[in-house]
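Structure, as structure tokens:
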Amino acid sequence: MPGIGIVKLGLQTRDIGTLRPFYVDRLGLVVTREDRGSITFQAGGTELTFVESAQGDPIYHFAFNIPENKLDAAIEWLRPRAPIHREPDGSEIFDFQSWNAHAVYSFDPAGNILEFIARHNLNNAAPGAFTSHDILYASEIGIVVDDVAEAVNAAHREWGLNVFGGSQTDDFAAVGTDEHLLIFAKRGRPWFGGEGAVAHMFETEAVFCGDRDASLVFPGIPYELTVKRLDP
């Protein structure tokens with residue numbers, strides 16, 4: 001199974017209550033679990049959970065892979081459902097040439113930065129109009145750190161992940177593959193497509209699909225990042 005199997009994020013109570021209408025009524029996702037303190041949506045191959053937390057005002061970034069031939073269709077589908085971020089030149093499309101990918105950014109009611117990304121290196125083109133079934137799985141989760149180079153080294157040492165598409169700078173790096181990426185952003189750096197939203201550290205759990213069990217720990221930072229063998 002490709003992608004990130006489980007993503008769990010902490011939000012203020014007031015924000016959790018706004019998410020069901022957005023993810024269900026607008027994006028067409030299915031609620032698989034819900035109680036007073038949490039809600040879980042099935043986003044293709046990914047379980048996306050938001051849980052009640054007392055931490056600040058969290059903002060997260062995560063991306064969903066879509067069929068590589070459907071970005072334009074995804075934008076037309078998304079436009080009446082959610083606000084779309086535009087480049088300074090007015091474009092709705094982010095062109096990641098070194099990744100051979102194109103993406104569109106949007107926001108949920110809690111302010112989280114959603115990305116739909118068409119990765120042309122993947123053989124996942126699909127026919128027909130874009131629907132919620134074309135939200136395939138989460139392929140990126142933003143992880144905020146104080147030292148990007150140290151985080152990159154830890155991901156390589158513990159998980160064998162390498163920098164993706166020549167993306168490493170002093171304040172940003174993506175490590176992994178087209179199907180699962182850790183997006184390391186330096187604390188205080190603006191998020192891509194975030195309309196000025198700044199990267200800060202908030203409670204994050206992510207389980208990556210893999211063929212072994214492993215964990216990635218950053219002392220003093222509230223992340224639980226694991227690789228587990230998940231059933232398809």
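The chains in the structure tokens are called A, B, ... from first to last as shown; in each chain the residues are counted from 1, and the ligands are counted from 1 in the order shown.
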
Residues of region 177-207 of chain A within 9 Å of region 164-173 of chain A: nearest atom pair and distance (Å, one decimal) for each, counting only C-alpha atoms, sorted by chain and number, as a tab-separated table?
```
residue	atom	partner	partner_atom	distance
A:Thr177	CA	A:Phe164	CA	6.5
A:Asp178	CA	A:Phe164	CA	8.3
A:Leu181	CA	A:Phe164	CA	8.1
A:Leu182	CA	A:Ala173	CA	8.2
A:Ile183	CA	A:Ala173	CA	6.0
A:Phe184	CA	A:Ala173	CA	5.1
A:Ala185	CA	A:Phe172	CA	4.6
A:Lys186	CA	A:Asp171	CA	4.7
A:Arg187	CA	A:Asp171	CA	8.1
A:Arg189	CA	A:Asp171	CA	7.0
```

### Task
Pick out the residues sitting within 12 Å of Val198 (chain A), and hand them over as a list in words; count only C-alpha atoms, and ignore anything fewer than 2 positions along from it in its own chain.
Asp57, Pro58, Ile59, Tyr60, His61, Gly111, Asn112, Ile113, Gly142, Val144, Ala185, Lys186, Arg187, Gly188, Arg189, Pro190, Trp191, Phe192, Gly193, Gly194, Glu195, Gly196, His200 and Met201 of chain A

### Task
With a distance cut-off of 7 Å and only C-alpha atoms, select the neighbouring residues of Phe116 (chain A), excluding the residue or stretch itself and same-chain residues fewer than 5 positions from it, and output the selection as a list in words.
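These residues fall inside the cut-off: Ala63, Phe64, Asn65, Ile66, Ala103, Val104 and Tyr105 of chain A.
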
### Message
One decimal, in Å: what's the spacing between CA of Thr204 (chain A) and CA of Ala154 (chain A)?
### Response
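CA of Thr204 (chain A) sits 17.2 Å away from CA of Ala154 (chain A).
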
### Between CA of Lys228 (chain A) and CA of Leu122 (chain A), distance in Å (one decimal)
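Pair CA of Lys228 (chain A) / CA of Leu122 (chain A) returns 22.6 Å.
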
### Task
Measuring atom to atom with only C-alpha atoms, identify which of A:Leu11, A:Ala155, A:Ala199, A:Ala54 is nearest to Ser38 (chain A).
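Between A:Leu11, A:Ala155, A:Ala199, A:Ala54, the residue approaching Ser38 (chain A) most closely is A:Leu11.
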
### Query
Which distance in Å separates CA of Asp147 (chain A) and CA of Phe62 (chain A), to one decimal?
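Taking CA of Asp147 (chain A) as the start and CA of Phe62 (chain A) as the end point, the length is 20.3 Å.
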
### Query
Excluding same-chain residues fewer than 4 positions from region 51-53 of chain A, what lies within 12 Å of it counting only C-alpha atoms, as a list in words?
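The residues satisfying every condition are Val7, Lys8, Leu9, Gly10, Leu11, Gln12, Thr13, Arg14, Asp15, Ile16, Gly17, Leu19, Arg33, Glu34, Asp35, Arg36, Gly37, Ser38, Ile39, Thr40, Phe41, Asp57, Pro58, Phe202, Glu203, Thr204 and Glu205 of chain A.
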
Mind dumping the selected residues with N, CA and C atoms as a compact mmCIF listing (two decimals), in the first residue's frame?
```
# COMPACT_ATOMS: atom_id res chain seq x y z
N VAL A 7 -2.61 9.57 9.65
CA VAL A 7 -2.18 10.91 10.05
C VAL A 7 -3.08 11.35 11.18
N LYS A 8 -2.51 11.75 12.32
CA LYS A 8 -3.29 12.22 13.46
C LYS A 8 -2.74 13.57 13.90
N LEU A 9 -3.64 14.57 13.97
CA LEU A 9 -3.25 15.95 14.23
C LEU A 9 -4.10 16.53 15.35
N GLY A 10 -3.49 17.37 16.19
CA GLY A 10 -4.20 17.97 17.30
C GLY A 10 -4.73 19.34 16.97
N LEU A 11 -6.00 19.61 17.31
CA LEU A 11 -6.62 20.91 17.03
C LEU A 11 -7.38 21.39 18.27
N GLN A 12 -7.66 22.68 18.29
CA GLN A 12 -8.52 23.24 19.31
C GLN A 12 -9.93 22.66 19.15
N THR A 13 -10.65 22.52 20.26
CA THR A 13 -12.00 21.96 20.23
C THR A 13 -12.89 22.73 19.26
N ARG A 14 -12.80 24.05 19.26
CA ARG A 14 -13.67 24.86 18.41
C ARG A 14 -13.45 24.55 16.93
N ASP A 15 -12.23 24.15 16.57
CA ASP A 15 -11.93 23.88 15.17
C ASP A 15 -12.41 22.50 14.73
N ILE A 16 -12.35 21.52 15.62
CA ILE A 16 -12.77 20.17 15.25
C ILE A 16 -14.22 20.17 14.78
N GLY A 17 -15.05 20.97 15.44
CA GLY A 17 -16.46 21.01 15.08
C GLY A 17 -16.74 21.55 13.70
N LEU A 19 -15.00 20.74 10.98
CA LEU A 19 -14.37 19.93 9.95
C LEU A 19 -15.32 18.96 9.25
N ARG A 33 -14.76 7.23 12.28
CA ARG A 33 -14.88 7.24 13.75
C ARG A 33 -15.13 8.68 14.19
N GLU A 34 -15.90 8.81 15.26
CA GLU A 34 -16.17 10.15 15.78
C GLU A 34 -16.62 10.06 17.23
N ASP A 35 -16.09 10.95 18.08
CA ASP A 35 -16.59 11.11 19.44
C ASP A 35 -16.43 12.57 19.82
N ARG A 36 -16.63 12.88 21.09
CA ARG A 36 -16.60 14.30 21.50
C ARG A 36 -15.24 14.94 21.25
N GLY A 37 -14.17 14.14 21.29
CA GLY A 37 -12.85 14.72 21.21
C GLY A 37 -12.09 14.44 19.94
N SER A 38 -12.69 13.74 18.96
CA SER A 38 -11.94 13.44 17.75
C SER A 38 -12.87 13.08 16.61
N ILE A 39 -12.33 13.17 15.41
CA ILE A 39 -13.05 12.74 14.23
C ILE A 39 -12.04 12.19 13.23
N THR A 40 -12.38 11.08 12.57
CA THR A 40 -11.50 10.42 11.61
C THR A 40 -12.20 10.32 10.27
N PHE A 41 -11.48 10.73 9.23
CA PHE A 41 -11.98 10.64 7.87
C PHE A 41 -11.15 9.63 7.10
N ASP A 57 -2.78 27.55 18.51
CA ASP A 57 -3.65 27.57 17.33
C ASP A 57 -2.93 26.83 16.21
N PRO A 58 -3.05 25.51 16.20
CA PRO A 58 -2.27 24.70 15.25
C PRO A 58 -2.66 24.95 13.80
N PHE A 202 3.55 21.49 16.29
CA PHE A 202 2.33 21.06 16.93
C PHE A 202 2.29 19.53 16.92
N GLU A 203 1.46 18.97 17.81
CA GLU A 203 1.39 17.51 17.96
C GLU A 203 1.04 16.84 16.64
N THR A 204 1.86 15.88 16.26
CA THR A 204 1.68 15.18 14.98
C THR A 204 2.02 13.72 15.14
N GLU A 205 1.13 12.86 14.63
CA GLU A 205 1.43 11.44 14.51
C GLU A 205 1.25 11.04 13.06
```

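Backbone DSSP assigns helix (DSSP H, G or I) in region 97-168 of chain A to Gln97, Ser98, Trp99, Ser132, His133, Asp134, Val148, Ala149, Glu150, Ala151, Val152, Asn153, Ala154, Ala155, His156, Arg157, Glu158 and Trp159 of chain A.
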
Now that the selection is made, can you save its residues with N, CA and C atoms as an mmCIF file, in the first residue's frame?
```
data_model
loop_
_atom_site.group_PDB
_atom_site.id
_atom_site.type_symbol
_atom_site.label_atom_id
_atom_site.label_comp_id
_atom_site.auth_asym_id
_atom_site.auth_seq_id
_atom_site.Cartn_x
_atom_site.Cartn_y
_atom_site.Cartn_z
ATOM 1 N N GLN A 97 9.136 21.757 -10.907
ATOM 2 C CA GLN A 97 9.823 21.163 -12.053
ATOM 3 C C GLN A 97 10.783 20.064 -11.637
ATOM 4 N N SER A 98 11.531 20.266 -10.565
ATOM 5 C CA SER A 98 12.518 19.263 -10.159
ATOM 6 C C SER A 98 11.851 17.994 -9.620
ATOM 7 N N TRP A 99 10.562 18.077 -9.291
ATOM 8 C CA TRP A 99 9.817 16.909 -8.826
ATOM 9 C C TRP A 99 8.969 16.308 -9.944
ATOM 10 N N SER A 132 -14.179 12.716 -5.521
ATOM 11 C CA SER A 132 -13.491 12.466 -4.250
ATOM 12 C C SER A 132 -12.713 11.157 -4.270
ATOM 13 N N HIS A 133 -13.084 10.219 -5.146
ATOM 14 C CA HIS A 133 -12.346 8.950 -5.245
ATOM 15 C C HIS A 133 -10.944 9.148 -5.825
ATOM 16 N N ASP A 134 -10.691 10.309 -6.414
ATOM 17 C CA ASP A 134 -9.363 10.604 -6.945
ATOM 18 C C ASP A 134 -8.433 11.193 -5.886
ATOM 19 N N VAL A 148 17.122 21.688 10.049
ATOM 20 C CA VAL A 148 16.697 20.866 8.913
ATOM 21 C C VAL A 148 17.743 19.819 8.572
ATOM 22 N N ALA A 149 19.006 20.205 8.552
ATOM 23 C CA ALA A 149 20.060 19.260 8.190
ATOM 24 C C ALA A 149 20.105 18.083 9.162
ATOM 25 N N GLU A 150 19.927 18.360 10.448
ATOM 26 C CA GLU A 150 19.927 17.292 11.450
ATOM 27 C C GLU A 150 18.736 16.360 11.236
ATOM 28 N N ALA A 151 17.574 16.931 10.905
ATOM 29 C CA ALA A 151 16.381 16.113 10.658
ATOM 30 C C ALA A 151 16.577 15.229 9.439
ATOM 31 N N VAL A 152 17.170 15.773 8.393
ATOM 32 C CA VAL A 152 17.442 14.997 7.181
ATOM 33 C C VAL A 152 18.371 13.835 7.506
ATOM 34 N N ASN A 153 19.403 14.102 8.268
ATOM 35 C CA ASN A 153 20.344 13.045 8.632
ATOM 36 C C ASN A 153 19.663 11.951 9.452
ATOM 37 N N ALA A 154 18.776 12.362 10.369
ATOM 38 C CA ALA A 154 18.073 11.373 11.193
ATOM 39 C C ALA A 154 17.159 10.505 10.338
ATOM 40 N N ALA A 155 16.444 11.104 9.373
ATOM 41 C CA ALA A 155 15.549 10.337 8.497
ATOM 42 C C ALA A 155 16.330 9.347 7.645
ATOM 43 N N HIS A 156 17.523 9.744 7.224
ATOM 44 C CA HIS A 156 18.345 8.822 6.441
ATOM 45 C C HIS A 156 18.897 7.706 7.320
ATOM 46 N N ARG A 157 19.342 8.074 8.513
ATOM 47 C CA ARG A 157 19.955 7.091 9.408
ATOM 48 C C ARG A 157 18.930 6.068 9.890
ATOM 49 N N GLU A 158 17.740 6.523 10.282
ATOM 50 C CA GLU A 158 16.760 5.637 10.897
ATOM 51 C C GLU A 158 15.851 4.947 9.889
ATOM 52 N N TRP A 159 15.527 5.630 8.783
ATOM 53 C CA TRP A 159 14.563 5.080 7.834
ATOM 54 C C TRP A 159 15.148 4.829 6.456
#
```

Applying 12 Å and only C-alpha atoms, which residues near Ala125 (chain A) remain after dropping the ones on its own chain fewer than 2 positions away? List them as a compact mmCIF listing (two decimals) with N, CA and C atoms, in the first residue's frame.
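Below is the file result.txt, written as the result:
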```
# COMPACT_ATOMS: atom_id res chain seq x y z
N ASN A 65 -1.90 12.79 -2.88
CA ASN A 65 -1.66 12.44 -4.29
C ASN A 65 -3.00 12.28 -5.00
N ILE A 66 -3.03 12.77 -6.25
CA ILE A 66 -4.18 12.57 -7.13
C ILE A 66 -3.65 11.98 -8.44
N PRO A 67 -4.53 11.46 -9.31
CA PRO A 67 -4.04 10.95 -10.59
C PRO A 67 -3.22 12.01 -11.33
N GLU A 68 -2.13 11.57 -11.94
CA GLU A 68 -1.17 12.53 -12.48
C GLU A 68 -1.72 13.33 -13.65
N ASN A 69 -2.83 12.90 -14.23
CA ASN A 69 -3.41 13.61 -15.37
C ASN A 69 -4.62 14.46 -14.99
N LYS A 70 -4.88 14.66 -13.69
CA LYS A 70 -6.15 15.29 -13.31
C LYS A 70 -6.01 16.59 -12.52
N LEU A 71 -4.89 17.29 -12.63
CA LEU A 71 -4.78 18.51 -11.83
C LEU A 71 -5.79 19.56 -12.28
N ALA A 118 -0.27 16.30 -8.36
CA ALA A 118 -0.21 15.34 -9.47
C ALA A 118 1.25 15.08 -9.77
N ARG A 119 1.71 13.87 -9.48
CA ARG A 119 3.12 13.52 -9.64
C ARG A 119 3.26 12.70 -10.92
N HIS A 120 3.91 13.30 -11.92
CA HIS A 120 3.91 12.70 -13.25
C HIS A 120 4.86 11.52 -13.38
N ASN A 121 5.67 11.27 -12.36
CA ASN A 121 6.52 10.07 -12.37
C ASN A 121 5.74 8.81 -11.99
N LEU A 122 4.54 8.99 -11.46
CA LEU A 122 3.73 7.85 -11.05
C LEU A 122 2.79 7.44 -12.18
N ASN A 123 2.65 6.15 -12.35
CA ASN A 123 1.78 5.61 -13.40
C ASN A 123 0.37 5.43 -12.83
N PRO A 127 -9.19 7.75 -15.98
CA PRO A 127 -10.15 8.38 -16.89
C PRO A 127 -11.25 9.11 -16.12
N GLY A 128 -12.01 9.93 -16.85
CA GLY A 128 -13.20 10.53 -16.29
C GLY A 128 -12.96 11.82 -15.55
N ALA A 129 -14.06 12.41 -15.09
CA ALA A 129 -14.00 13.65 -14.32
C ALA A 129 -13.41 13.40 -12.94
N PHE A 130 -12.94 14.47 -12.31
CA PHE A 130 -12.39 14.35 -10.96
C PHE A 130 -13.52 14.19 -9.96
N ASP A 134 -10.69 10.31 -6.41
CA ASP A 134 -9.36 10.60 -6.94
C ASP A 134 -8.43 11.19 -5.89
N LEU A 136 -6.24 10.04 -3.54
CA LEU A 136 -5.72 8.68 -3.45
C LEU A 136 -5.18 8.32 -2.07
```

### Message
Under the rule that only C-alpha atoms are counted, which of A:Val175, A:Ile141, A:Ile117, A:Leu225 is the nearest residue to Val163 (chain A)?
### Response
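Result for the nearest residue to Val163 (chain A): A:Val175.
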
### Task
Considering only C-alpha atoms, state which residue in the set A:Ile6, A:Glu92, A:Ala174, A:Leu78 is at the smallest distance from Thr226 (chain A).
A:Ile6

### Query
For Phe94 (chain A), which residue among A:Val30, A:Ile75, A:Asp108, A:Asn124 is the nearest when counting only C-alpha atoms?
A:Ile75

Strand (DSSP E) positions in region 11-180 of chain A, given as a PDB file with C-alpha atoms, in the first residue's frame:
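Saved file selection.pdb follows:
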```pdb
ATOM      1  CA  LEU A  11      -6.621  20.906  17.032  1.00  0.00           C
ATOM      2  CA  VAL A  30     -16.360   9.343   4.820  1.00  0.00           C
ATOM      3  CA  VAL A  31     -16.293   9.591   8.617  1.00  0.00           C
ATOM      4  CA  THR A  32     -15.052   6.296  10.037  1.00  0.00           C
ATOM      5  CA  ARG A  33     -14.882   7.240  13.746  1.00  0.00           C
ATOM      6  CA  GLU A  34     -16.170  10.153  15.779  1.00  0.00           C
ATOM      7  CA  ASP A  35     -16.591  11.107  19.442  1.00  0.00           C
ATOM      8  CA  SER A  38     -11.936  13.437  17.754  1.00  0.00           C
ATOM      9  CA  ILE A  39     -13.053  12.742  14.225  1.00  0.00           C
ATOM     10  CA  THR A  40     -11.497  10.423  11.610  1.00  0.00           C
ATOM     11  CA  PHE A  41     -11.982  10.644   7.871  1.00  0.00           C
ATOM     12  CA  GLN A  42     -11.036   8.077   5.242  1.00  0.00           C
ATOM     13  CA  ALA A  43      -9.054   9.911   2.561  1.00  0.00           C
ATOM     14  CA  THR A  46      -5.151   7.296   4.527  1.00  0.00           C
ATOM     15  CA  GLU A  47      -6.930   7.634   7.857  1.00  0.00           C
ATOM     16  CA  LEU A  48      -6.945  11.350   8.688  1.00  0.00           C
ATOM     17  CA  THR A  49      -7.725  12.006  12.357  1.00  0.00           C
ATOM     18  CA  PHE A  50      -8.117  15.283  14.213  1.00  0.00           C
ATOM     19  CA  VAL A  51      -8.075  15.126  18.021  1.00  0.00           C
ATOM     20  CA  GLU A  52      -8.846  17.669  20.701  1.00  0.00           C
ATOM     21  CA  HIS A  61       0.369  21.113   6.031  1.00  0.00           C
ATOM     22  CA  PHE A  62      -0.433  17.818   4.328  1.00  0.00           C
ATOM     23  CA  ALA A  63      -0.720  16.764   0.697  1.00  0.00           C
ATOM     24  CA  PHE A  64      -2.801  14.183  -1.131  1.00  0.00           C
ATOM     25  CA  ASN A  65      -1.662  12.445  -4.287  1.00  0.00           C
ATOM     26  CA  ILE A  66      -4.176  12.570  -7.129  1.00  0.00           C
ATOM     27  CA  PHE A  94       2.374  25.375  -8.462  1.00  0.00           C
ATOM     28  CA  ASP A  95       4.923  23.920 -10.894  1.00  0.00           C
ATOM     29  CA  PHE A  96       7.528  21.765  -9.116  1.00  0.00           C
ATOM     30  CA  ALA A 101       4.809  17.501 -10.418  1.00  0.00           C
ATOM     31  CA  HIS A 102       2.089  20.146 -10.342  1.00  0.00           C
ATOM     32  CA  ALA A 103      -0.029  21.059  -7.326  1.00  0.00           C
ATOM     33  CA  VAL A 104      -2.875  23.205  -6.072  1.00  0.00           C
ATOM     34  CA  TYR A 105      -3.193  24.484  -2.486  1.00  0.00           C
ATOM     35  CA  SER A 106      -6.324  25.079  -0.435  1.00  0.00           C
ATOM     36  CA  PHE A 107      -7.431  25.395   3.192  1.00  0.00           C
ATOM     37  CA  ILE A 113      -3.014  23.868   4.330  1.00  0.00           C
ATOM     38  CA  LEU A 114      -4.219  21.139   1.982  1.00  0.00           C
ATOM     39  CA  GLU A 115      -2.430  20.256  -1.208  1.00  0.00           C
ATOM     40  CA  PHE A 116      -3.548  18.145  -4.149  1.00  0.00           C
ATOM     41  CA  ILE A 117      -0.476  17.095  -6.106  1.00  0.00           C
ATOM     42  CA  ALA A 118      -0.212  15.340  -9.466  1.00  0.00           C
ATOM     43  CA  ARG A 119       3.125  13.515  -9.640  1.00  0.00           C
ATOM     44  CA  TYR A 137      -3.777   8.961  -0.165  1.00  0.00           C
ATOM     45  CA  ALA A 138      -1.718  11.403   1.883  1.00  0.00           C
ATOM     46  CA  SER A 139       1.758  11.616   0.418  1.00  0.00           C
ATOM     47  CA  GLU A 140       3.236  14.474   2.492  1.00  0.00           C
ATOM     48  CA  ILE A 141       3.146  15.638   6.087  1.00  0.00           C
ATOM     49  CA  GLY A 142       4.834  18.835   7.219  1.00  0.00           C
ATOM     50  CA  ILE A 143       7.254  18.408  10.123  1.00  0.00           C
ATOM     51  CA  VAL A 144       8.614  21.583  11.725  1.00  0.00           C
ATOM     52  CA  VAL A 145      12.135  21.432  13.165  1.00  0.00           C
ATOM     53  CA  PHE A 172      13.437  23.261   3.938  1.00  0.00           C
ATOM     54  CA  ALA A 173      13.844  19.675   2.764  1.00  0.00           C
ATOM     55  CA  ALA A 174      11.663  16.865   1.495  1.00  0.00           C
ATOM     56  CA  VAL A 175      12.841  13.305   2.132  1.00  0.00           C
ATOM     57  CA  GLY A 176      11.313  10.115   0.803  1.00  0.00           C
ATOM     58  CA  THR A 177       9.606   9.226  -2.458  1.00  0.00           C
ATOM     59  CA  HIS A 180       5.507   9.327   0.968  1.00  0.00           C
TER      60      HIS A 180
END
```
